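Data block for protein.txt (compact mmCIF, C-alpha atoms):
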```
# COMPACT_ATOMS: atom_id res chain seq x y z
CA MET A 1 12.86 -6.60 -0.93
CA PRO A 2 10.69 -9.05 -2.91
CA ASN A 3 11.18 -12.79 -2.39
CA ILE A 4 13.36 -14.11 -5.25
CA ASN A 5 11.64 -17.50 -5.10
CA TYR A 6 8.31 -15.78 -5.72
CA VAL A 7 9.78 -13.92 -8.71
CA ILE A 8 11.11 -17.18 -10.17
CA LYS A 9 7.72 -18.83 -9.59
CA ILE A 10 6.01 -16.05 -11.57
CA LEU A 11 8.53 -16.31 -14.41
CA PHE A 12 8.14 -20.07 -14.70
CA SER A 13 4.34 -19.75 -14.69
CA LEU A 14 4.67 -17.31 -17.62
CA ILE A 15 7.02 -19.74 -19.39
CA LYS A 16 4.50 -22.55 -18.96
CA LYS A 17 1.59 -20.35 -20.08
CA LYS A 18 3.44 -19.15 -23.22
CA ASN A 19 4.91 -22.63 -23.93
CA ILE A 20 8.47 -21.25 -24.05
CA ASP A 21 11.19 -23.80 -24.88
CA LEU A 22 14.16 -23.26 -22.55
CA SER A 23 16.31 -25.54 -24.70
CA ASN A 24 16.39 -22.63 -27.15
CA GLY A 25 19.43 -20.43 -26.47
CA ARG A 26 17.52 -17.29 -27.35
CA HIS A 27 14.82 -18.09 -24.79
CA ILE A 28 17.45 -18.81 -22.13
CA PHE A 29 18.97 -15.37 -22.78
CA LEU A 30 15.56 -13.69 -22.57
CA PHE A 31 14.73 -15.56 -19.37
CA CYS A 32 18.00 -14.46 -17.74
CA PHE A 33 17.51 -10.89 -18.94
CA VAL A 34 14.01 -10.64 -17.48
CA LEU A 35 15.11 -12.30 -14.24
CA THR A 36 17.86 -9.71 -13.73
CA SER A 37 15.84 -6.72 -14.95
CA CYS A 38 15.37 -4.06 -12.31
CA PHE A 39 12.52 -1.71 -11.51
CA ASN A 40 14.10 1.67 -10.76
CA THR A 41 11.93 4.26 -9.04
CA LYS A 42 13.85 7.13 -10.66
CA TYR A 43 11.83 6.42 -13.83
CA LEU A 44 8.57 6.57 -11.89
CA SER A 45 6.53 9.76 -12.39
CA TYR A 46 3.09 11.03 -11.41
CA HIS A 47 0.81 12.63 -14.01
CA GLU A 48 -1.31 14.85 -11.78
CA GLU A 49 -3.93 15.87 -14.35
CA CYS A 50 -4.68 12.23 -15.23
CA ASN A 51 -4.05 10.92 -11.70
CA LEU A 52 -1.80 8.17 -13.10
CA TYR A 53 1.62 6.82 -12.19
CA GLU A 54 3.86 6.11 -15.17
CA TYR A 55 7.12 4.30 -15.74
CA LYS A 56 9.12 5.82 -18.61
CA ASN A 57 5.93 7.61 -19.73
CA GLU A 58 3.83 4.42 -19.78
CA PRO A 59 0.94 3.99 -17.32
CA LEU A 60 1.61 1.24 -14.78
CA ARG A 61 -0.80 -1.55 -13.79
CA LEU A 62 -1.30 -3.78 -10.79
CA PRO A 63 -1.39 -7.57 -11.28
CA ASP A 64 -5.21 -7.38 -11.55
CA LYS A 65 -4.69 -4.90 -14.45
CA ARG A 66 -5.97 -1.87 -12.54
CA LEU A 67 -4.09 1.33 -13.36
CA VAL A 68 -1.76 2.68 -10.69
CA THR A 69 -3.11 5.94 -9.23
CA SER A 70 -2.57 7.97 -6.07
CA SER A 71 -4.95 5.64 -4.21
CA ASN A 72 -3.04 2.40 -4.88
CA ILE A 73 0.59 3.40 -5.53
CA ASP A 74 1.62 2.03 -2.13
CA THR A 75 0.13 -1.34 -3.03
CA PHE A 76 2.19 -1.37 -6.23
CA LEU A 77 5.45 -0.38 -4.52
CA ILE A 78 5.23 -3.05 -1.81
CA ASN A 79 6.32 -5.57 -4.44
CA GLY A 80 7.40 -3.09 -7.11
CA LYS A 81 9.86 -5.33 -8.97
CA ILE A 82 7.46 -8.27 -9.08
CA ASN A 83 4.54 -6.07 -10.15
CA TYR A 84 6.72 -4.49 -12.83
CA LEU A 85 7.59 -7.91 -14.29
CA ILE A 86 3.88 -8.76 -14.41
CA PHE A 87 3.11 -5.36 -15.94
CA LEU A 88 5.57 -6.03 -18.81
CA ASN A 89 3.42 -9.01 -19.80
CA THR A 90 0.22 -6.91 -19.92
CA LYS A 91 1.45 -4.08 -22.17
CA GLU A 92 -0.32 -3.34 -25.42
CA LYS A 93 1.02 -5.42 -28.31
CA ASN A 94 -0.33 -3.70 -31.44
CA TYR A 95 2.79 -3.89 -33.60
CA PHE A 96 1.42 -5.44 -36.78
CA ILE A 97 -0.03 -3.20 -39.48
CA LYS A 98 -3.08 -4.78 -41.09
CA PRO A 99 -6.17 -3.77 -43.13
CA GLN A 100 -8.46 -4.45 -40.15
CA ASP A 101 -6.92 -1.43 -38.40
CA HIS A 102 -8.81 0.95 -40.69
CA VAL A 103 -12.01 -1.07 -40.19
CA LEU A 104 -11.61 -0.62 -36.44
CA VAL A 105 -11.16 3.17 -36.76
CA ASN A 106 -14.33 3.38 -38.85
CA SER A 107 -16.27 1.34 -36.25
CA TYR A 108 -15.04 3.67 -33.49
CA ASN A 109 -16.02 6.70 -35.58
CA GLN A 110 -19.58 5.35 -35.86
CA ILE A 111 -19.80 5.58 -32.07
CA ILE A 112 -18.63 9.21 -32.14
CA THR A 113 -21.13 10.10 -34.88
CA SER A 114 -23.93 8.44 -32.94
CA LEU A 115 -23.05 10.36 -29.75
CA ASN A 116 -22.89 13.68 -31.61
CA GLU A 117 -26.32 12.97 -33.07
CA LYS A 118 -27.56 12.25 -29.50
CA LYS A 119 -28.49 8.65 -30.39
CA TYR A 120 -27.34 7.46 -26.99
CA GLU A 121 -28.96 4.03 -26.93
CA GLU A 122 -27.52 3.25 -30.36
CA SER A 123 -24.06 4.44 -29.33
CA SER A 124 -24.20 2.25 -26.21
CA HIS A 125 -24.91 -0.81 -28.39
CA LEU A 126 -22.10 0.17 -30.77
CA CYS A 127 -19.71 0.43 -27.81
CA GLN A 128 -20.63 -3.05 -26.64
CA ASN A 129 -20.28 -4.47 -30.15
CA ILE A 130 -16.77 -3.07 -30.58
CA LEU A 131 -15.74 -4.34 -27.12
CA ASN A 132 -17.06 -7.79 -27.99
CA GLN A 133 -15.13 -7.75 -31.26
CA TYR A 134 -11.92 -6.26 -29.86
CA PRO A 135 -11.69 -7.07 -26.11
CA SER A 136 -8.33 -5.28 -25.76
CA LEU A 137 -10.13 -1.94 -26.22
CA PHE A 138 -11.40 -2.38 -22.66
CA TYR A 139 -7.84 -1.57 -21.53
CA PHE A 140 -6.41 0.45 -24.43
CA SER A 141 -9.12 2.91 -25.49
CA ASP A 142 -11.76 5.25 -24.06
CA VAL A 143 -14.72 3.11 -25.23
CA ASN A 144 -15.76 2.58 -21.59
CA PHE A 145 -15.90 6.35 -21.15
CA LEU A 146 -18.03 6.74 -24.27
CA LYS A 147 -20.41 4.04 -23.06
CA GLY A 148 -20.59 5.58 -19.59
CA TYR A 149 -21.28 8.99 -21.12
CA ALA A 150 -24.12 7.53 -23.24
CA TRP A 151 -25.73 5.96 -20.15
CA ALA A 152 -25.37 9.25 -18.24
CA GLN A 153 -27.18 11.13 -21.01
CA MET A 154 -30.01 8.56 -20.84
CA GLY A 155 -30.33 9.18 -17.09
CA LYS A 156 -29.09 5.67 -16.17
CA LYS A 157 -26.92 6.70 -13.24
CA ASP A 158 -25.90 3.20 -12.05
CA SER A 159 -24.87 2.02 -15.51
CA ALA A 160 -23.01 5.29 -16.14
CA GLN A 161 -21.08 4.94 -12.89
CA LYS A 162 -20.21 1.32 -13.70
CA TYR A 163 -18.57 2.09 -17.06
CA LEU A 164 -16.94 5.31 -15.93
CA GLN A 165 -15.39 3.36 -13.06
CA PHE A 166 -14.17 0.78 -15.59
CA PHE A 167 -12.65 3.62 -17.61
CA LEU A 168 -10.87 5.16 -14.62
CA GLN A 169 -9.59 1.85 -13.29
CA TYR A 170 -8.55 0.04 -16.49
CA SER A 171 -8.41 2.30 -19.60
CA GLU A 172 -4.93 3.79 -20.08
CA LYS A 173 -5.38 5.85 -23.26
CA LYS A 174 -7.88 7.36 -25.68
CA TYR A 175 -6.90 5.39 -28.78
CA PRO A 176 -5.15 2.02 -29.18
CA ASP A 177 -1.79 1.98 -30.96
CA ASN A 178 -3.30 0.60 -34.16
CA PHE A 179 -5.26 3.83 -34.62
CA TRP A 180 -2.18 4.83 -36.61
CA GLY A 181 -1.49 8.56 -36.64
CA HIS A 182 -3.97 9.43 -33.88
CA ASN A 183 -1.97 8.71 -30.71
CA ASP A 184 -0.35 12.11 -30.30
CA ILE A 185 -0.13 14.74 -27.58
CA ILE A 186 -3.64 16.03 -28.37
CA ALA A 187 -5.11 12.56 -27.86
CA ARG A 188 -3.25 12.39 -24.56
CA GLN A 189 -4.70 15.73 -23.43
CA ASN A 190 -8.23 14.64 -24.42
CA TYR A 191 -7.80 11.40 -22.50
CA CYS A 192 -6.82 13.31 -19.35
CA MET A 193 -9.82 15.60 -19.81
CA GLU A 194 -12.10 12.53 -19.98
CA ARG A 195 -10.63 11.23 -16.72
CA VAL A 196 -11.39 14.58 -15.07
CA LEU A 197 -14.98 14.45 -16.39
CA ALA A 198 -15.42 10.86 -15.21
CA TYR A 199 -14.29 11.79 -11.68
CA GLN A 200 -16.64 14.77 -11.84
CA PHE A 201 -19.63 12.55 -12.66
CA LEU A 202 -18.85 10.14 -9.82
CA GLN A 203 -18.88 13.10 -7.42
CA THR A 204 -21.72 15.24 -8.81
CA ASP A 205 -23.76 12.96 -11.14
CA SER A 206 -23.30 15.49 -13.96
CA ILE A 207 -21.22 15.28 -17.11
CA PHE A 208 -21.35 17.44 -20.20
CA ILE A 209 -19.48 17.51 -23.51
CA THR A 210 -20.74 19.65 -26.37
CA ASN A 211 -19.18 17.57 -29.13
CA PHE A 212 -16.90 14.60 -29.69
CA GLN A 213 -14.25 14.78 -32.39
CA ASN A 214 -14.72 12.44 -35.34
CA ILE A 215 -11.62 10.59 -36.50
CA PHE A 216 -10.79 8.91 -39.78
CA PRO A 217 -8.24 6.27 -40.83
CA LYS A 218 -4.65 7.41 -41.17
CA TYR A 219 -1.54 5.72 -42.54
CA TYR A 220 1.55 4.57 -40.68
CA PHE A 221 5.04 5.65 -41.80
CA GLN A 222 8.49 5.17 -40.33
CA SER A 223 10.04 8.29 -38.83
CA PHE A 224 12.58 9.93 -41.19
CA SER A 225 11.58 7.65 -44.07
CA PRO A 226 11.34 9.09 -47.62
CA GLY A 227 8.79 11.93 -47.75
CA TYR A 228 8.36 12.13 -43.97
CA VAL A 229 10.13 13.40 -40.85
CA TYR A 230 8.58 12.37 -37.53
CA ASN A 231 5.94 9.89 -36.42
CA PRO A 232 5.08 10.37 -32.71
CA GLN A 233 4.00 6.72 -32.40
CA ASP A 234 7.55 5.53 -32.97
CA TYR A 235 8.96 7.08 -29.81
CA ARG A 236 8.03 8.07 -26.27
CA PHE A 237 6.28 11.42 -25.74
CA GLY A 238 8.61 14.38 -25.31
CA ARG A 239 11.67 12.78 -26.87
CA LYS A 240 13.86 15.13 -28.95
CA PHE A 241 16.99 13.09 -29.79
CA TYR A 242 16.96 9.98 -32.01
CA TYR A 243 19.78 7.57 -32.87
CA PHE A 244 20.35 5.35 -35.90
CA PHE A 245 23.25 2.90 -35.83
CA SER A 246 24.69 1.29 -38.96
CA LEU A 247 27.24 -1.41 -38.13
CA TYR A 248 27.80 -1.99 -41.83
CA GLU A 249 26.71 0.11 -44.80
CA ASN A 250 27.37 0.21 -48.55
CA TRP A 251 28.38 3.69 -49.77
CA HIS A 252 29.76 3.94 -53.31
CA ASN A 253 31.18 0.39 -52.99
CA ASN A 254 32.79 1.23 -49.64
CA HIS A 255 31.79 -0.62 -46.51
CA LEU A 256 31.23 1.84 -43.66
CA TYR A 257 29.93 1.74 -40.11
CA GLY A 258 28.73 4.63 -38.02
CA ILE A 259 26.01 6.51 -36.20
CA ASN A 260 23.36 9.10 -37.06
CA VAL A 261 21.96 11.43 -34.38
CA SER A 262 18.82 13.49 -35.07
CA TYR A 263 17.34 16.37 -33.11
CA LEU A 264 13.69 17.27 -33.69
CA PHE A 265 12.96 21.01 -33.89
CA HIS A 266 9.39 20.46 -35.04
CA LYS A 267 7.41 17.43 -36.18
CA LYS A 268 8.18 18.53 -39.75
CA VAL A 269 11.81 19.69 -39.33
CA ALA A 270 14.90 18.04 -37.83
CA ILE A 271 18.68 18.14 -38.04
CA THR A 272 20.77 14.99 -38.35
CA ALA A 273 24.54 14.63 -37.82
CA SER A 274 26.13 11.51 -39.24
CA LEU A 275 29.53 9.88 -38.89
CA ARG A 276 30.42 6.89 -41.07
CA MET A 277 33.87 5.44 -41.50
CA ASN A 278 36.19 2.58 -42.25
CA LYS A 279 39.98 2.25 -41.95
CA ASN A 280 40.54 4.36 -45.08
CA MET A 281 37.99 7.15 -44.84
CA GLN A 282 35.77 9.21 -42.54
CA LEU A 283 32.53 10.69 -43.86
CA TYR A 284 30.77 13.43 -41.89
CA ASN A 285 27.28 14.59 -42.95
CA VAL A 286 24.76 17.10 -41.73
CA PHE A 287 21.18 16.64 -43.02
CA LEU A 288 18.28 19.05 -42.57
CA PRO A 289 15.15 16.99 -43.36
CA TRP A 290 12.09 19.17 -43.88
CA GLU A 291 8.66 17.75 -44.72
CA ILE A 292 7.40 20.48 -47.03
CA LEU A 293 4.07 18.89 -47.98
CA GLY A 294 1.94 16.07 -46.65
CA ALA A 295 -1.58 14.69 -46.48
CA LYS A 296 -3.51 15.12 -43.22
CA ASN A 297 -4.07 11.37 -43.11
CA ASN A 298 -0.34 10.72 -43.80
CA ARG A 299 -1.13 8.95 -47.07
CA TRP A 300 1.65 10.86 -48.83
CA GLY A 301 4.49 13.18 -47.97
CA ILE A 302 7.22 15.17 -49.71
CA LYS A 303 10.51 15.96 -48.01
CA LEU A 304 13.37 18.31 -48.91
CA THR A 305 16.77 17.50 -47.40
CA PRO A 306 19.77 19.87 -47.72
CA VAL A 307 23.01 17.93 -47.11
CA VAL A 308 26.50 19.09 -46.11
CA ASN A 309 29.31 16.54 -46.58
CA PHE A 310 32.88 16.43 -45.32
CA LEU A 311 35.03 13.51 -46.48
CA LYS A 312 38.52 12.65 -45.26
CA ILE A 313 40.61 10.08 -47.17
CA SER A 314 44.15 9.74 -45.85
CA GLU A 315 45.52 13.28 -45.97
CA ASN A 316 42.94 14.59 -48.45
CA ASN A 317 39.85 16.55 -47.39
CA TYR A 318 36.71 17.11 -49.47
CA PHE A 319 33.70 19.33 -48.87
CA ALA A 320 30.42 19.29 -50.79
CA THR A 321 26.80 20.41 -50.45
CA SER A 322 23.64 19.25 -52.18
CA THR A 323 19.87 19.04 -51.67
CA GLY A 324 17.84 15.86 -51.98
CA ILE A 325 14.11 15.44 -52.37
CA SER A 326 11.99 12.38 -51.61
CA ALA A 327 8.33 11.38 -51.57
CA SER A 328 6.12 8.48 -50.49
CA TYR A 329 2.57 7.42 -51.33
CA HIS A 330 0.49 4.69 -49.66
CA PHE A 331 -1.74 2.59 -51.93
CA ASN A 332 -3.42 1.26 -48.77
CA ILE A 333 -2.54 0.79 -45.12
CA ARG A 334 0.20 -1.75 -45.94
CA TYR A 335 1.63 -1.11 -49.43
CA TYR A 336 3.48 2.04 -50.44
CA ILE A 337 5.90 3.45 -52.99
CA SER A 338 8.78 5.84 -52.29
CA GLY A 339 11.33 7.63 -54.40
CA GLY A 340 14.15 10.10 -54.01
CA ILE A 341 16.90 11.90 -55.85
CA LEU A 342 20.14 13.54 -54.68
CA PRO A 343 21.74 15.59 -57.49
CA PRO A 344 25.53 16.00 -57.85
CA ALA A 345 27.08 18.45 -55.39
CA LEU A 346 26.22 22.10 -55.95
CA VAL A 347 29.29 23.44 -54.15
CA GLN A 348 32.57 21.55 -53.78
CA ILE A 349 36.01 22.17 -52.34
CA ASN A 350 38.61 19.71 -53.69
CA LYS A 351 36.27 17.85 -56.02
CA SER A 352 35.69 14.19 -55.26
CA PRO A 353 34.06 11.64 -57.63
CA TYR A 354 31.94 10.47 -54.71
CA PHE A 355 29.93 13.70 -54.84
CA ASN A 356 29.71 14.05 -58.63
CA THR A 357 27.28 11.18 -59.05
CA GLN A 358 23.52 11.62 -59.03
CA ILE A 359 21.82 9.20 -56.64
CA TRP A 360 18.22 8.17 -57.26
CA TYR A 361 15.97 5.33 -56.24
CA VAL A 362 12.42 3.97 -56.39
CA LEU A 363 11.28 1.71 -53.56
CA ILE A 364 8.17 -0.44 -53.21
CA GLY A 365 7.44 -1.55 -49.66
CA ALA A 366 4.97 -3.50 -47.54
CA HIS A 367 4.62 -2.60 -43.85
CA LEU A 368 4.78 -5.70 -41.66
CA TRP A 369 4.89 -4.00 -38.28
CA LYS A 370 6.20 -0.80 -36.77
CA ASN A 371 9.57 0.18 -38.28
CA ILE A 372 9.86 -3.00 -40.36
CA SER A 373 8.86 -3.39 -44.02
CA LEU A 374 9.56 -5.76 -46.85
CA ALA A 375 11.19 -3.68 -49.59
CA SER A 376 12.36 -3.86 -53.18
CA MET A 377 14.47 -0.91 -54.36
CA TYR A 378 15.68 0.08 -57.82
CA LYS A 379 18.68 2.33 -57.19
CA ASN A 380 20.94 3.73 -59.91
CA LYS A 381 20.03 0.85 -62.26
CA ASP A 382 20.55 -1.83 -59.61
CA ILE A 383 17.93 -3.93 -57.81
CA ILE A 384 18.05 -4.49 -54.06
CA THR A 385 15.52 -6.63 -52.22
CA GLY A 386 15.28 -7.18 -48.50
CA VAL A 387 13.89 -5.73 -45.30
CA LEU A 388 13.68 -2.05 -44.34
CA ILE A 389 14.36 -1.61 -40.60
CA ASN A 390 14.55 1.90 -39.16
CA ASN A 391 15.31 3.18 -42.68
CA LEU A 392 18.20 0.76 -43.22
CA ILE A 393 17.54 -1.59 -46.12
CA ILE A 394 19.16 -4.97 -45.47
CA GLY A 395 19.13 -7.44 -48.31
CA HIS A 396 20.69 -8.63 -51.55
CA GLN A 397 22.17 -6.45 -54.31
CA TRP A 398 21.44 -8.42 -57.47
CA GLN A 399 23.69 -6.75 -60.04
CA LYS A 400 26.78 -7.28 -57.91
CA ASN A 401 25.44 -10.44 -56.26
CA GLN A 402 26.37 -9.30 -52.77
CA PHE A 403 24.97 -8.56 -49.35
CA TYR A 404 23.78 -4.95 -49.03
CA ILE A 405 23.01 -2.54 -46.19
CA GLY A 406 22.24 1.09 -46.99
CA LEU A 407 20.53 4.04 -45.35
CA VAL A 408 17.35 5.26 -47.09
CA PHE A 409 17.14 8.78 -45.76
CA PHE A 410 16.66 11.74 -48.13
```
Take the structure in the file and write it out as structure tokens.
Amino acid sequence: MPNINYVIKILFSLIKKKNIDLSNGRHIFLFCFVLTSCFNTKYLSYHEECNLYEYKNEPLRLPDKRLVTSSNIDTFLINGKINYLIFLNTKEKNYFIKPQDHVLVNSYNQIITSLNEKKYEESSHLCQNILNQYPSLFYFSDVNFLKGYAWAQMGKKDSAQKYLQFFLQYSEKKYPDNFWGHNDIIARQNYCMERVLAYQFLQTDSIFITNFQNIFPKYYFQSFSPGYVYNPQDYRFGRKFYYFFSLYENWHNNHLYGINVSYLFHKKVAITASLRMNKNMQLYNVFLPWEILGAKNNRWGIKLTPVVNFLKISENNYFATSTGISASYHFNIRYYISGGILPPALVQINKSPYFNTQIWYVLIGAHLWKNISLASMYKNKDIITGVLINNLIIGHQWQKNQFYIGLVFF
């Protein structure tokens, strides 16, 4: 059992380092939350191929930032709760979406091109330049592996071993999070392969790769946003169910609250069940979002969404079906435009005016960070401005001069 006084000492040192004001109620809450947070070994798993221990699918680190492997897991577990608290402060923090992200991808791609052209000395210099410019890549990319590989091909065994050791001990992934669109299961598999090759070189002094894969800038999008279905960078690997809560939502001038649950069949196809209600009505929906077309770099996407509706108002029941279509296009890494249309119901039982209206919108947005955008939407001849968070637009409805929350889905 770790010494609680030691835990408190660590927390207060972090507070002093980050200049956190404990007179702020929010900071007091966060302090108490972290203090009572618990490291539970049931979420601990071992990734054999990579020789890494993970907590909720994230590689763990020791206080000196070394990755936790089979050789040092006992050291981590001796003070597991303390080490976990320290680990939380060392996680990657690439949340903001900025133009420099594409510049970084292009710089990384220059290294790959140089290696494929067997310009090993040049690629080694490019690796060092990018590490000098972006020090976090030491921990959150495979640049150390690339540099070690370049030295190995030049016959510099000691230098190769040095950087391959750095890679094995400190580098937790192939690409940093701000290589938007590249951190998928394939990148994970390639990273594990590089770890195997690095261990192989340390044992046999030989390493061989026929070709490195060039990468190019991609665009970030929110999962299930107009034109798109699933972005693997929004959620942990292997997750299939996704939840969207709306504590308050405007629907045809009715204020509803509810929950949406999505299941992912494929990265391009999902099914979503929705329940929204107030004291007078219950609205049940089933959506089938299907990304029918999209650019390889995620710059644009087109989505078709069949919808089944069941509405209950007092003793009256209504059933309707329709199909919506939406699309998005990115002008650059930050700014984008989206639009969608949901025609009146194609099939109805007990016709309701709620399903006889065509819904359409045009939205202009600016990504700030993951899952949050500034947005201005023109919907059915009304203007709404605010913030788009997990596909809920929260803001002001100008025509009616009122607060507005609405789901931007199909």
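In this structure, CA of Gln133 (chain A) sits 25.6 Å away from CA of Cys192 (chain A).
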**OP:** Would you please work out which residue, of A:Tyr243, A:Phe145, A:Tyr53, A:Phe179, is nearest to Asn109 (chain A) when using only C-alpha atoms?
**Re:** A:Phe179
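One distance worth recording is that between CA of Phe224 (chain A) and CA of Lys296 (chain A), which is 17.0 Å.
What separates CA of Tyr163 (chain A) from CA of Pro176 (chain A) is a distance of 18.1 Å.
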Original post:
Near region 84-95 of chain A, counting all atoms listed in the file, which residues have an atom at most 7 Å away, once you skip same-chain residues fewer than 6 positions from it, shown as a ChimeraX atom specification?
Top reply: /A:39,60-63,177-178,369-370
So that I have them on file, write out the residues from the current selection with C-alpha atoms, as a PDB file, in the coordinates of the input.
```pdb
ATOM      1  CA  PHE A  39      12.520  -1.710 -11.510  1.00  0.00           C
ATOM      2  CA  LEU A  60       1.610   1.240 -14.780  1.00  0.00           C
ATOM      3  CA  ARG A  61      -0.800  -1.550 -13.790  1.00  0.00           C
ATOM      4  CA  LEU A  62      -1.300  -3.780 -10.790  1.00  0.00           C
ATOM      5  CA  PRO A  63      -1.390  -7.570 -11.280  1.00  0.00           C
ATOM      6  CA  ASP A 177      -1.790   1.980 -30.960  1.00  0.00           C
ATOM      7  CA  ASN A 178      -3.300   0.600 -34.160  1.00  0.00           C
ATOM      8  CA  TRP A 369       4.890  -4.000 -38.280  1.00  0.00           C
ATOM      9  CA  LYS A 370       6.200  -0.800 -36.770  1.00  0.00           C
TER      10      LYS A 370
END
```
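If only C-alpha atoms are the atoms counted, then among A:Pro306, A:Pro99, A:Pro289, A:Gly365 the closest residue to Pro217 (chain A) is A:Pro99.
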